[in-house]
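Asks: Mind having a look at this structure? Questions to follow.
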Amino acid sequence: MILLFFQSSCFWLLVKTWIVIIIFISILPLIPNIIPHLSYSPLVPPDPAVLEGKLEVNNLLNGAHRTFEGEIKGPEAFAILNGELYTTLHGGFVAKISKTIEPVVKFGQSCGEFMLLMFS
């Protein structure tokens with residue numbers, strides 16, 4: 001059935017029609033005054049907002065070192081309670097981070113990662 005379609009005159013008529021259309025479209029931009037001459041105004045972006053106060057550029061994190069690099073797997077959410085930093089870890093753990101990592105609680109048998117950690 002497919003072989004008969006390629007041998008039919010209808011198929012070759014479609015091929016010839018597409019070739020003529022492609023040639024016409026490729027020659028069209030070369031004909032003068034077919035495409036109207038338009039004047040464009042340049043797009044000028046607005047000036048960036050001034051960063052001041054808490055958004056001011058600073059160097060507070062320059063020279064910082066990474067703590068517990070390679071020891072914590074999948075920290076997702078962070079929260080502070082009574083001056084202590086808590087994070088959720090891969091596997092359903094909530095851990096308190098100080099000079100060491102102290103697991104606080106584990107949720108479920110095979111929990112994944114938490115997306116939010118809040119204290120009330």
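We name chains A, B, ... following the order of the structure tokens; residues begin at 1 in each chain, and ligands are numbered from 1 as shown.
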DSSP on the backbone: what in chain A comes out alpha helix (DSSP H), as a ChimeraX atom specification?
Replies: /A:2-7,9-27
Asks: Would you output that residue set with C-alpha atoms, as a tab-separated table (two decimals), in the first residue's frame?
Replies:
```tsv
chain	number	residue	atom	x	y	z
A	2	ILE	CA	2.77	2.46	0.93
A	3	LEU	CA	4.82	1.46	-2.11
A	4	LEU	CA	1.85	2.20	-4.35
A	5	PHE	CA	1.53	5.67	-2.80
A	6	PHE	CA	5.14	6.55	-3.72
A	7	GLN	CA	4.56	5.37	-7.28
A	9	SER	CA	1.15	10.57	-9.59
A	10	CYS	CA	-0.58	12.18	-6.59
A	11	PHE	CA	2.55	11.76	-4.47
A	12	TRP	CA	4.79	13.34	-7.08
A	13	LEU	CA	2.34	16.19	-7.54
A	14	LEU	CA	2.58	16.93	-3.81
A	15	VAL	CA	6.38	16.79	-3.92
A	16	LYS	CA	6.53	19.18	-6.90
A	17	THR	CA	4.07	21.54	-5.20
A	18	TRP	CA	6.18	21.68	-2.03
A	19	ILE	CA	9.34	22.30	-4.06
A	20	VAL	CA	7.68	25.23	-5.86
A	21	ILE	CA	6.42	26.67	-2.55
A	22	ILE	CA	9.87	26.41	-0.93
A	23	ILE	CA	11.55	28.06	-3.93
A	24	PHE	CA	8.95	30.87	-3.96
A	25	ILE	CA	9.34	31.54	-0.24
A	26	SER	CA	13.13	31.58	-0.48
A	27	ILE	CA	13.10	34.05	-3.43
```
Asks: Residues within 9 Å of Phe119 (chain A), please, as a ChimeraX atom specification. Count only C-alpha atoms; anything in the same chain fewer than 2 positions from it doesn't count.
Replies: /A:79-81,117
Asks: Let me see the file: selected residues, C-alpha atoms, as a compact mmCIF listing (two decimals), in the first residue's frame.
Replies:
```txt
# COMPACT_ATOMS: atom_id res chain seq x y z
CA ALA A 79 14.20 26.51 60.55
CA ILE A 80 15.49 28.17 63.71
CA LEU A 81 14.00 27.46 67.14
CA LEU A 117 9.85 22.76 58.29
```
Asks: Among region 7-97 of chain A, which ones does DSSP assign to strand (DSSP E) (computed from the backbone)? Answer as a VMD selection string.
Replies: chain A and resid 78 to 81 84 to 89 93 to 97
Asks: Please provide as a PyMOL selection string all residues within 12 Å of Glu71 (chain A), with the sequence filter that same-chain residues fewer than 2 positions apart are discarded (counting only C-alpha atoms).
Replies: chain A and resi 66-69+73-75+89-90+97+100-101
Asks: Would you mind exporting the chosen residues as a compact mmCIF listing (two decimals), in the first residue's frame, restricted to C-alpha atoms?
Replies:
```txt
# COMPACT_ATOMS: atom_id res chain seq x y z
CA ARG A 66 31.30 24.80 53.99
CA THR A 67 30.29 23.04 57.17
CA PHE A 68 29.41 19.32 57.14
CA GLU A 69 30.19 19.01 53.43
CA LYS A 73 22.41 14.02 52.52
CA GLY A 74 19.59 16.02 51.03
CA PRO A 75 18.95 19.00 53.34
CA LEU A 89 17.27 15.32 55.79
CA HIS A 90 16.78 12.59 53.22
CA ILE A 97 22.82 21.32 63.64
CA THR A 100 27.66 18.33 65.42
CA ILE A 101 24.65 16.83 63.66
```
Asks: Interatomic distance between CA of Leu116 (chain A) and CA of Phe93 (chain A)?
Replies: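 CA of Phe93 (chain A) lies 12.6 Å from CA of Leu116 (chain A).
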